[in-house]
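J.: The structure is given below, and queries will be raised subsequently.
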Amino acid sequence: MIQLSNVTLTFPDGDSRITAVDHVSLTSRPGTVTAITGPSGSGKSTLLAVAATLIRPDSGNVLIDDIDVGRLTPAEATTLRREKIGIVFQQSNLIPSLTAREQLQVMNALGGRSSRRRPEVGEHADELLNAVGLGDHRDKRPHQLSGGQRQRVNIARALMNGPSALLVDEPTSALDQERGASIIELILRLTDDLDTSTLLVTHDTVHLPRMHGGVHLVDGKRLDSVPATA
Ligand SMILES: Nc1ncnc2c1ncn2[C@@H]1O[C@H](COP(=O)(O)OP(=O)(O)O)[C@@H](O)[C@H]1O
Ligand SMILES: [Mg+2]
C-alpha cells in the first residue's frame, strides 16, 4: 500500500522556490491502479518520484506498506526502495548491450526481497517476460525491439524484485493508440495478478474508467472537483 499524506515538495527557482507538489494526499491499495492525470508541469512525475522515495518531500508523510519512509536511515530507505518499489520511468533506460532477459537478470545483482540463486533468476526473468508477452523475444537487445516491446521489458524489469508498489510514468506517450491500449491493459492485469499498489501517470483519458481511482493535478494541487473521466 502507498499512502501519501499532505505531501509538499518545492524546487529552487532563481531567488524563490517553485511548488511542484502542493499538499497532496492519496492512498493506493494492493491490486488497484490509481491514475495520475494533469497538464504538463502539473507535478505528476514529481509526485511519482516522492512516492518512489527518490525525493524527500519538504513536508508531509510517505508510507509504503505502513512504513514511514521519512523515519528510515538512508541505508534503510535504499533497501526499502529495492525490495518494495518498482519504477517504470518515462524515458526507457534499458542497457543497449543487454538482451531482454539480461535486463531483468541484472536487477537481481542489485539485490531483492529474496536474493535468488542464478538458475532461479533466469527462470523468474523468463516467467516475467512470458507474462508481458515477450517470451519469444527474450534474447533480443533493445534496438531489435519495437517501442511497445521495450516498454514491456521496462515493466517486466520493474517487477523483477517482487515490488508491492508499482510506479509507472506515461508508459504510452511514445506509442500509437493500439499499442498504448495494450500496455494499459497489461498494467491492469499485472496489478491484479501480482497485487501491486500501482500509480499510473497518464495523459490518455480513454482508459480512466478502467482504473480504480484517479488523482488530477493542476499546479501541484489535487483537484477533486475534476472528475477522473474529464
Ligand atoms: N529537478 C527539478 N528542478 C527544478 N524544477 C523542477 C524539477 N523537476 C520538476 N520541476 C518543476 O516542477 C514542476 C512539476 O514538474 P513535473 O513533476 O515534471 O510535471 P509533470 O510530470 O506533470 O509534467 C514543473 O514546474 C517543473 O518545471
Ligand atoms: Mg512528467
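Following the order of the C-alpha cells, first chain is A, next is B, and so on, with residues numbered from 1 inside each chain and ligands from 1 in the order they appear.
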Around ligand 1, out to 9 Å and counting only C-alpha atoms and all ligand atoms, which residues are there? I want them as a PyMOL selection string.

T.: chain A and resi 9-13+17-21+36-49+169-170+201+217-220

J.: Extract, using only C-alpha atoms, all DNA, RNA and protein residues at most 10 Å from Thr34 (chain A), discarding same-chain residues fewer than 2 positions from it, and format them as a count of residues only.

T.: 20

J.: Which is closer to ligand 2 than all the others in A:Gln91, A:Arg152, A:Leu145, A:Glu127, using only C-alpha atoms and all ligand atoms?

T.: A:Gln91

J.: Could you name the residues that touch Asp66 (chain A) at 12 Å or less, counting only C-alpha atoms, but leaving out those on the same chain fewer than 5 positions away, as a list of chain:residue names?

T.: A:Met1, A:Ile2, A:Gln3, A:Leu4, A:Thr27, A:Ser28, A:Arg29, A:Asn61, A:Arg71, A:Leu80, A:Lys84, A:Ser164

J.: Report the residues of region 31-217 of chain A whose backbone DSSP state falls under strand (DSSP E), written as a count of residues only.

T.: 33
